[in-house]
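The structure under discussion appears below in the form of structure tokens.
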Number of protein chains: 2
Amino acid sequence: MAITSYIRVYYMSTQKAKAIKTAISPTRSENYPEWYQAVINASELAENSPVRGCMVIKPWGYAIWENMQQILDEAFKRTGHVNAYFPLLIPLSYLEKEAEHVEGFAKECAIVTHTRLELQDGKLVPVSKLEEPLIIRPTSETIIGECYSRWVQSYRDLPILINQWANVMRWEMRTRLFLRTSEFLWQEGHTVHATAQEARDETLKMLDVYANFAEQVMAVPVIKGVKTPDEKFPGAVDSYTIEAMMQDHKALQAGTSHFLGQNFAKASNIKFTSKEGQVEYAWTTSWGVSTRLIGALIMTHSDDDGLVMPPKLAPVQIIILPIYKNDQEDQKKQVLEYCNEIKVALEEQVYNHRQLRVKIDNREINAGERTWDAIKKGIPIRVEIGPRDIAEDAVFVGRRDLSPKKKVSINKDEFISSAVKQLDEIHNHLFDRAYLYRHSQTKDIATREEFEKFFSTDNENAGGFAVCFSTYGEAINDIIKPLKVTPRCIPLKTFEERGKCIFTGADDCQKVIFARSY
Amino acid sequence: MAITSYIRVYYMSTQKAKAIKTAISPTRSENYPEWYQAVINASELAENSPVRGCMVIKPWGYAIWENMQQILDEAFKRTGHVNAYFPLLIPLSYLEKEAEHVEGFAKECAIVTHTRLELQDGKLVPVSKLEEPLIIRPTSETIIGECYSRWVQSYRDLPILINQWANVMRWEMRTRLFLRTSEFLWQEGHTVHATAQEARDETLKMLDVYANFAEQVMAVPVIKGVKTPDEKFPGAVDSYTIEAMMQDHKALQAGTSHFLGQNFAKASNIKFTSKEGQVEYAWTTSWGVSTRLIGALIMTHSDDDGLVMPPKLAPVQIIILPIYKNDQEDQKKQVLEYCNEIKVALEEQVYNHRQLRVKIDNREINAGERTWDAIKKGIPIRVEIGPRDIAEDAVFVGRRDLSPKKKVSINKDEFISSAVKQLDEIHNHLFDRAYLYRHSQTKDIATREEFEKFFSTDNENAGGFAVCFSTYGEAINDIIKPLKVTPRCIPLKTFEERGKCIFTGADDCQKVIFARSY
């Protein structure tokens, strides 16, 4: 079956899911938000903690994050960055330095006011009030800016290219695992440059790092663009973004890279003496991705049987499921030896510059349970091995991107030597599927009526990415807000194109993508 | 010169440092605490932040921590552990569950009481008071215990072997970079077992992981022991420790592994149904090391010229310093090509399972400055290369563990093929030097008088590790407290030995190590 027709059947299956028994309930078509939560539960990625809005990232979910970290960290270092660590707590007065910034972040934050507990009448009570309250970082521009103002004196100190892996906190009202949590894990790059051009180049370079990571590692196609002014990072001159489309055709902002101009340099007093002896404000950037990427990964690839993991991020890429009768010791021994031999041979191979990650699941539960556990957890390749397979010098292989029923018997050596190729195929298949889905749900729109019809809430399947020439801000808010739609970005690909705003008729507008979003 | 005599000279040099010009001022003998701070400044490891007690870990310091993390993480995974992530904030009520624990940690902690800021009269003011305050984790037993109480139902769910890499916060009054800071980075392992024996084995296994890491990676000799009851972790049954001796012969606790018995299982209600169908409380452990290890590393190896890094943790293991006349383009080109050739050849080699980390320092500052920068930053091997070396097909090599003046010309190929061996030699030399120093400063003590003389403050060079049969707690506090000495541990090596307490005459006491400490 050609990829395109496969995709059609795959996405059509969303519509007739009730007829087929699935491992996840509800299905995507029945209730998308509940399906998302059910996939996370079934794959044991994370759970809500008793602390409001904070999540527990369980080992399977954290292993995905570790793989993301490792690959991104290598990319940051390859592009000349180093890591450092700055304080968790920020004095209130720092926030006040950048007016837009405080407006954007101060609304929702965790505030530390006391530093001691005392037992009073059998109850712990906060005492030792701080003179100046501290807030848990929602992002670190202000605290890092203070350091940079001391570290930067001369053009010889530039550029500063530092990244930080850290936890941050934003007191969100409505939270959802990975997508929006009060505490989340992320990386934040903060760089300082001598010229605007160099800072702008850095901003775009890191946007490319993110886009490549999304597409080549996560198998998630993204659109690179710049945020419209009303959607940019508080305090930035320009915010660049990568936008992905989820399976409910909503947009998800997967990473951002901000050109901060001299705004934060002025707020934090980051100045340097140029080669020519002039004292100038520096130019800064910041860029980040977070555990939200795991949400993007789930909602892009997973299906009604559970998580589907892109091979490069899967904590286990190939799972071997030995099948034997527990009371037959000889059979058990033979099967386990055969499995182990295959494991060793696979682990000698390299995929994406790393040793293949292979596991034998030999738990004392029945084979069906182990298979469905591997499916729900999204492991790219399953290999079932029983006495009959051994007799035929074969293995029985199932791929997570195909139907659970579609399994094929492959000669053992052939399987071993083709394993890396198969992982590549799965990656490409996931990417193509998501790409074609996005393509099918993206529409060029020429009139306001068409736009309103596209996002009409009467039609359950309406919506997606609407692409049109448009202005932004107050002039169109009355039109798009009732539709619960926001401008996602001005795509870089069509950045030079100009046309008439479909809403206001204004001339000289750029193409904007609109969508509902996470 | 034999190692032992070298050591003698090395440590004697502490006494006559004033005669020699050193890169760090003050020297160790002049003012040890200030020397420590000066080494950190000169090597750009970290700095105090404007947020009280919180540090900024600068790129050079953070790179050491990344290397520590990577090697420890591999060791944790090799011993069957996985990583996860738990919330930063802990509800006050959780702390109250374990009485000893709250006593030990609640005194000093950062307390979040509000979740919103509002601008009132031009000033940001905390609003939206929380019903129950939250504290920033000082350690995570209680919050992780809550999860485990839900995750553990049956013996089939055990063991749970989870580690977390995280930041923690303890509101310290007197802080010192790396050694004692309000916020620090660490890992905390938290495991659950079906039997006491299994939990005890785990505790000791992780103590071994730490001891091996200290000795084989950090080149820091440590003594494995168990804490006396008055020094153990609040809530533990037994706290195991690795204790190292710094160059001022104070002790530093470098890592701890706690056997928690059923104390926390009872506090958090972690129960399981055994194979036999009985509902029982589980047995738990916790173990951790922190950025404090960087403090231990500095104070064990560094000298009056700055940081000395053990080769396995050095962010740069070999630094190449090209020397040429800036106005002679041909010479410059020739030297840089030769340097690059050597760099490539070195990077093909493997040390401690990793590619050698080599850097060319080609900054436009004079050669002397670059050399001293490499010395102060503690890079194990320096290679100076100028036109004369090229003519002789040689390189000019200096080792950080030897005098800055001691440099030797070595044939290029010979240097390349011996580089890994030299790094090993440096590691061994650092370890031996520290081991012999500790040995020279450790004394078996038989009487109270001898003990008091050993720690007498009259004698500037007095002190070190005093080993004696002793009881602990109230019975001896009046004797040891005025000397500012604490029991460091009961060494595992002499755990079975028994004798009379040198202070009270009590029978059947174990050998205890006493020292002043960080």
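Chain labels follow the order of the structure tokens: the first chain is A, the next B, and so on; residue numbering restarts at 1 in every chain, and ligands are counted from 1 in their shown order.
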
Item to complete: Compute the chain B side of the contact with chain A at 6 Å, counting only C-alpha atoms, and hand it back as number ranges by chain.
Response: B: 54, 56-59, 62, 83-87, 106-112, 114-117

Worksheet item: Can you list every residue in segment 431-475 of chain A that DSSP puts in strand (DSSP E), as a ChimeraX atom specification?
Response: /A:442-444,465-470

Write the residues of the preceding selection, restricted to C-alpha atoms, as a PDB file, in the first residue's frame.
```pdb
ATOM      1  CA  THR A 442      -4.061  23.196   5.890  1.00  0.00           C
ATOM      2  CA  LYS A 443      -5.957  25.572   3.661  1.00  0.00           C
ATOM      3  CA  ASP A 444      -5.151  28.756   1.800  1.00  0.00           C
ATOM      4  CA  PHE A 465      -4.133  25.655   9.668  1.00  0.00           C
ATOM      5  CA  ALA A 466      -5.698  28.603   7.830  1.00  0.00           C
ATOM      6  CA  VAL A 467      -3.158  30.481   5.711  1.00  0.00           C
ATOM      7  CA  CYS A 468      -4.057  33.968   4.574  1.00  0.00           C
ATOM      8  CA  PHE A 469      -2.759  37.476   4.107  1.00  0.00           C
ATOM      9  CA  SER A 470      -3.631  39.280   7.283  1.00  0.00           C
TER      10      SER A 470
END
```

Worksheet item: Near Phe495 of chain A, within 10 Å and counting only C-alpha atoms, which residues show up once chain neighbours fewer than 3 positions away are dropped, as a ChimeraX atom specification?
Response: /A:225-226,490-492,498,510-512

Fill in: 7 Å contact set for Lys500 of chain A, only C-alpha atoms, chain neighbours under 5 positions out, as number ranges by chain
A: 469, 505-509

Write a file of the selected residues as a PDB file, in the first residue's frame, keeping C-alpha atoms.
```pdb
ATOM      1  CA  PHE A 469      -2.759  37.476   4.107  1.00  0.00           C
ATOM      2  CA  GLY A 505      -8.463  44.975   3.210  1.00  0.00           C
ATOM      3  CA  ALA A 506      -5.239  46.586   4.414  1.00  0.00           C
ATOM      4  CA  ASP A 507      -2.444  46.478   1.847  1.00  0.00           C
ATOM      5  CA  ASP A 508       1.030  45.056   2.141  1.00  0.00           C
ATOM      6  CA  CYS A 509       0.251  42.284   4.616  1.00  0.00           C
TER       7      CYS A 509
END
```

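We find atom CA of Cys339 of chain A and atom CA of Ile323 of chain A to be spaced 9.9 Å apart.
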
Discussion item. I'd like to know which residues of segment 80-267 of chain B are helix (DSSP H, G or I) (by DSSP, run on the backbone); could you write them as an MDAnalysis selection string?
Written reply: chainID B and resid 92:95 99:105 141:151 155:157 196:217 229:231 263:267

Give me, as a Markdown table, the closest atom pair and its distance (Å, one decimal) for every residue of segment 358-422 of chain B within a cut-off of 6 Å of segment 293-311 of chain B, counting only C-alpha atoms, rows sorted by chain and rising number.
```
| residue | atom | partner | partner_atom | distance |
| --- | --- | --- | --- | --- |
| B:Lys376 | CA | B:Gly306 | CA | 4.3 |
| B:Lys377 | CA | B:Leu307 | CA | 5.4 |
| B:Gly378 | CA | B:Val308 | CA | 4.1 |
| B:Pro380 | CA | B:Pro311 | CA | 6.0 |
```

Export of prior selection with N, CA and C atoms as a JSON list (two decimals), in the first residue's frame:
```json
[["chain", "number", "residue", "atom", "x", "y", "z"],
["B", 376, "LYS", "N", 45.94, 27.64, 36.15],
["B", 376, "LYS", "CA", 44.94, 28.03, 37.16],
["B", 376, "LYS", "C", 43.63, 27.25, 36.98],
["B", 377, "LYS", "N", 43.33, 26.88, 35.74],
["B", 377, "LYS", "CA", 42.10, 26.12, 35.49],
["B", 377, "LYS", "C", 42.29, 24.63, 35.72],
["B", 378, "GLY", "N", 43.52, 24.19, 35.99],
["B", 378, "GLY", "CA", 43.75, 22.81, 36.41],
["B", 378, "GLY", "C", 43.82, 21.78, 35.30],
["B", 380, "PRO", "N", 45.05, 18.98, 33.08],
["B", 380, "PRO", "CA", 46.09, 18.00, 33.42],
["B", 380, "PRO", "C", 47.37, 18.09, 32.58]]
```

Practice prompt. Tell me which protein, DNA and RNA residues are within 6 Å of segment 258-266 of chain B, counting only C-alpha atoms, leaving out same-chain ones fewer than 2 positions away, and put them as a list in words.
Written response: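 Counting only the stated atoms, we get Arg200, Thr203, Ala236, Val237, Asp238, Ser239, Tyr240, Ser268, Asn269, Ile270, Ala282, Trp283, Thr284, Thr285, Ser286 and Trp287 of chain B.
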
Selection file, N, CA and C atoms, as a JSON list (two decimals), in the first residue's frame:
```json
[["chain", "number", "residue", "atom", "x", "y", "z"],
["B", 200, "ARG", "N", 19.25, -3.28, 52.89],
["B", 200, "ARG", "CA", 20.58, -3.07, 53.47],
["B", 200, "ARG", "C", 21.66, -3.31, 52.40],
["B", 203, "THR", "N", 21.78, -0.35, 50.10],
["B", 203, "THR", "CA", 22.45, 0.78, 50.77],
["B", 203, "THR", "C", 23.97, 0.65, 50.63],
["B", 236, "ALA", "N", 16.61, 8.08, 59.41],
["B", 236, "ALA", "CA", 17.26, 6.85, 58.97],
["B", 236, "ALA", "C", 17.48, 5.89, 60.13],
["B", 237, "VAL", "N", 17.62, 4.60, 59.81],
["B", 237, "VAL", "CA", 18.08, 3.63, 60.81],
["B", 237, "VAL", "C", 19.60, 3.69, 60.88],
["B", 238, "ASP", "N", 20.22, 3.61, 59.69],
["B", 238, "ASP", "CA", 21.68, 3.74, 59.60],
["B", 238, "ASP", "C", 22.05, 4.61, 58.42],
["B", 239, "SER", "N", 22.98, 5.52, 58.63],
["B", 239, "SER", "CA", 23.49, 6.34, 57.53],
["B", 239, "SER", "C", 24.94, 5.94, 57.27],
["B", 240, "TYR", "N", 25.21, 5.49, 56.05],
["B", 240, "TYR", "CA", 26.57, 5.17, 55.65],
["B", 240, "TYR", "C", 27.17, 6.38, 54.95],
["B", 268, "SER", "N", 4.86, 7.13, 55.16],
["B", 268, "SER", "CA", 4.19, 7.36, 53.87],
["B", 268, "SER", "C", 3.21, 6.26, 53.51],
["B", 269, "ASN", "N", 3.10, 5.26, 54.37],
["B", 269, "ASN", "CA", 2.16, 4.17, 54.13],
["B", 269, "ASN", "C", 2.49, 3.37, 52.86],
["B", 270, "ILE", "N", 3.75, 2.96, 52.76],
["B", 270, "ILE", "CA", 4.16, 2.11, 51.62],
["B", 270, "ILE", "C", 4.05, 0.65, 52.05],
["B", 282, "ALA", "N", 6.99, -1.86, 53.51],
["B", 282, "ALA", "CA", 8.20, -2.08, 52.71],
["B", 282, "ALA", "C", 9.42, -1.52, 53.45],
["B", 283, "TRP", "N", 10.61, -1.77, 52.87],
["B", 283, "TRP", "CA", 11.89, -1.29, 53.40],
["B", 283, "TRP", "C", 12.48, -0.34, 52.37],
["B", 284, "THR", "N", 12.94, 0.82, 52.82],
["B", 284, "THR", "CA", 13.40, 1.80, 51.83],
["B", 284, "THR", "C", 14.83, 2.27, 52.11],
["B", 285, "THR", "N", 15.42, 2.82, 51.06],
["B", 285, "THR", "CA", 16.76, 3.42, 51.17],
["B", 285, "THR", "C", 16.75, 4.77, 50.46],
["B", 286, "SER", "N", 17.70, 5.61, 50.77],
["B", 286, "SER", "CA", 17.96, 6.79, 49.94],
["B", 286, "SER", "C", 19.45, 7.09, 50.00],
["B", 287, "TRP", "N", 19.94, 7.70, 48.91],
["B", 287, "TRP", "CA", 21.39, 7.93, 48.81],
["B", 287, "TRP", "C", 21.63, 9.10, 47.88]]
```

Discussion item. Give me, as number ranges by chain, all polymer residues having an atom no more than 12 Å from segment 69-80 of chain B, counting only C-alpha atoms and skipping those fewer than 5 positions away in the same chain.
Written reply: A: 63, 66, 70; B: 62-64, 159-166, 185-191, 202, 205-214, 216-218, 287-291, 293-294, 312-313, 352-354

Could those residues be written to a file, using C-alpha atoms, as a CSV table (one decimal), in the first residue's frame?
```csv
chain,number,residue,atom,x,y,z
A,63,ALA,CA,13.8,8.3,29.7
A,66,GLU,CA,16.9,12.1,28.8
A,70,GLN,CA,21.3,14.2,25.1
B,62,TYR,CA,29.3,23.1,35.4
B,63,ALA,CA,31.4,21.1,32.9
B,64,ILE,CA,33.0,19.2,35.8
B,159,PRO,CA,12.1,-3.5,44.0
B,160,ILE,CA,11.6,0.1,42.9
B,161,LEU,CA,15.0,1.5,42.0
B,162,ILE,CA,14.7,5.1,41.1
B,163,ASN,CA,17.1,8.0,41.0
B,164,GLN,CA,16.4,11.7,40.5
B,165,TRP,CA,18.8,14.5,39.4
B,166,ALA,CA,17.5,17.7,40.9
B,185,LEU,CA,22.4,20.3,42.6
B,186,TRP,CA,22.4,16.7,43.5
B,187,GLN,CA,21.1,13.2,42.8
B,188,GLU,CA,18.9,11.4,45.2
B,189,GLY,CA,18.2,7.7,44.9
B,190,HIS,CA,15.1,6.3,46.5
B,191,THR,CA,14.5,2.6,46.5
B,202,GLU,CA,21.2,-1.8,48.3
B,205,LYS,CA,26.0,-1.3,47.1
B,206,MET,CA,25.4,2.4,46.5
B,207,LEU,CA,28.0,3.3,49.1
B,208,ASP,CA,30.5,1.2,47.0
B,209,VAL,CA,29.4,3.1,43.9
B,210,TYR,CA,30.2,6.4,45.6
B,211,ALA,CA,33.5,5.1,47.0
B,212,ASN,CA,34.6,3.8,43.7
B,213,PHE,CA,33.6,7.1,42.0
B,214,ALA,CA,35.5,9.1,44.6
B,216,GLN,CA,38.7,5.9,40.7
B,217,VAL,CA,37.3,9.0,39.1
B,218,MET,CA,37.9,11.9,41.5
B,287,TRP,CA,21.4,7.9,48.8
B,288,GLY,CA,22.9,11.1,47.4
B,289,VAL,CA,25.9,13.1,46.3
B,290,SER,CA,25.9,16.7,45.3
B,291,THR,CA,27.8,19.6,43.8
B,293,LEU,CA,31.9,16.9,45.4
B,294,ILE,CA,33.4,19.8,43.4
B,312,LYS,CA,38.8,11.8,34.3
B,313,LEU,CA,36.7,14.8,35.2
B,352,ASN,CA,38.0,6.2,30.5
B,353,HIS,CA,35.7,4.9,27.7
B,354,ARG,CA,35.5,8.4,26.2
```

Practice prompt. Do a neighbour search on segment 343-346 of chain A at 9 Å with only C-alpha atoms, toss out local chain neighbours closer than 6 positions, and write the hits as JSON, numbers by chain.
Written response: {"A": [318, 320, 355, 356, 357, 358, 359, 360, 416, 417, 419, 420]}

With N, CA, C and O atoms retained, write the just-selected residues as an mmCIF file, in the first residue's frame.
```cif
data_model
loop_
_atom_site.group_PDB
_atom_site.id
_atom_site.type_symbol
_atom_site.label_atom_id
_atom_site.label_comp_id
_atom_site.auth_asym_id
_atom_site.auth_seq_id
_atom_site.Cartn_x
_atom_site.Cartn_y
_atom_site.Cartn_z
ATOM 1 N N ILE A 318 13.937 -1.888 20.320
ATOM 2 C CA ILE A 318 13.501 -3.235 19.930
ATOM 3 C C ILE A 318 13.273 -4.040 21.199
ATOM 4 O O ILE A 318 14.156 -4.140 22.053
ATOM 5 N N ILE A 320 12.327 -7.760 22.733
ATOM 6 C CA ILE A 320 12.281 -9.182 22.400
ATOM 7 C C ILE A 320 11.382 -9.883 23.408
ATOM 8 O O ILE A 320 11.570 -9.759 24.621
ATOM 9 N N GLN A 355 24.498 3.034 20.253
ATOM 10 C CA GLN A 355 24.233 1.604 20.276
ATOM 11 C C GLN A 355 22.720 1.381 20.287
ATOM 12 O O GLN A 355 21.987 2.097 20.950
ATOM 13 N N LEU A 356 22.254 0.387 19.538
ATOM 14 C CA LEU A 356 20.817 0.064 19.556
ATOM 15 C C LEU A 356 20.381 -0.271 20.973
ATOM 16 O O LEU A 356 21.099 -0.921 21.721
ATOM 17 N N ARG A 357 19.184 0.182 21.336
ATOM 18 C CA ARG A 357 18.646 -0.084 22.675
ATOM 19 C C ARG A 357 17.647 -1.240 22.600
ATOM 20 O O ARG A 357 16.554 -1.093 22.044
ATOM 21 N N VAL A 358 18.052 -2.367 23.137
ATOM 22 C CA VAL A 358 17.285 -3.607 23.002
ATOM 23 C C VAL A 358 16.985 -4.153 24.393
ATOM 24 O O VAL A 358 17.818 -4.057 25.296
ATOM 25 N N LYS A 359 15.797 -4.694 24.566
ATOM 26 C CA LYS A 359 15.448 -5.268 25.861
ATOM 27 C C LYS A 359 14.712 -6.586 25.672
ATOM 28 O O LYS A 359 13.934 -6.735 24.727
ATOM 29 N N ILE A 360 14.977 -7.535 26.557
ATOM 30 C CA ILE A 360 14.198 -8.769 26.569
ATOM 31 C C ILE A 360 13.164 -8.642 27.687
ATOM 32 O O ILE A 360 13.509 -8.342 28.827
ATOM 33 N N ILE A 416 18.288 -9.185 11.789
ATOM 34 C CA ILE A 416 19.363 -8.480 12.493
ATOM 35 C C ILE A 416 20.021 -7.443 11.588
ATOM 36 O O ILE A 416 20.245 -6.296 11.979
ATOM 37 N N SER A 417 20.277 -7.874 10.342
ATOM 38 C CA SER A 417 20.992 -6.941 9.464
ATOM 39 C C SER A 417 20.084 -5.837 8.925
ATOM 40 O O SER A 417 20.567 -4.820 8.432
ATOM 41 N N ALA A 419 17.615 -4.382 10.865
ATOM 42 C CA ALA A 419 16.938 -3.708 11.987
ATOM 43 C C ALA A 419 17.087 -2.187 11.915
ATOM 44 O O ALA A 419 16.110 -1.442 12.084
ATOM 45 N N VAL A 420 18.303 -1.719 11.668
ATOM 46 C CA VAL A 420 18.528 -0.282 11.610
ATOM 47 C C VAL A 420 17.728 0.335 10.465
ATOM 48 O O VAL A 420 17.106 1.399 10.605
#
```

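Closest approach to Arg433 of chain B among B:Gly104, B:Pro33, B:Pro221, B:Gly464: B:Pro221, based on only C-alpha atoms.
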
Discussion item. Would you compute the distance between atom CA of Val383 of chain A and atom CA of Pro315 of chain A? Give it in Å to one decimal.
Written reply: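 Taking atom CA of Val383 of chain A as the start and atom CA of Pro315 of chain A as the end point, the length is 16.0 Å.
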